[in-house]
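In what follows, a single structure is set out as structure tokens and then discussed.
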Amino acid sequence: MKKLTKEELQSLQKSIKDYNAIKLKLAETVLHQQAIMGEIGMLKSQFLQQEKVLMDKYGKDSSINTQTGEVTKIKK
């Protein structure tokens, strides 16, 4: 029966270990991305709710300067 040399076996085992480590990193990255996408969705929903409240209060034809808080009417 033929057998790999010690060096060949070690090299093969290292390659498999490195490959599996990279796959794990990729999986962790995908899970992290999904968590971030969930946060983005939640923040977008909060923003849209806040925007609706402000539009109801100041009118849909208003523009808000987000630096100063100044509200002006948009001229058509």
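Residue numbering restarts at 1 in every chain; chains get A, B, ... in the order shown in the structure tokens, and ligands count up from 1 in that same order.
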Residues of chain A classed as strand (DSSP E) by DSSP on the backbone are to be reported as an MDAnalysis selection string. chainID A and resid 62:64 71:73
Taking the backbone alone, and naming residues the way the document does, which bits of chain A are alpha helix (DSSP H) by DSSP, as a PyMOL selection string? chain A and resi 6-58
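Taking atom CA of A:Lys14 and atom CA of A:Lys2 as endpoints, the distance between them is 20.7 Å.
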Name all residues at most 12 Å from A:Lys75 (count only C-alpha atoms; drop same-chain ones fewer than 4 positions away) and give them as a ChimeraX atom specification. /A:60-63
Separation of atom CA of A:Met55 from atom CA of A:Lys73 in Å: 11.4 Å
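Picture a line from atom CA of A:Glu51 to atom CA of A:Gly69; it runs 13.5 Å.
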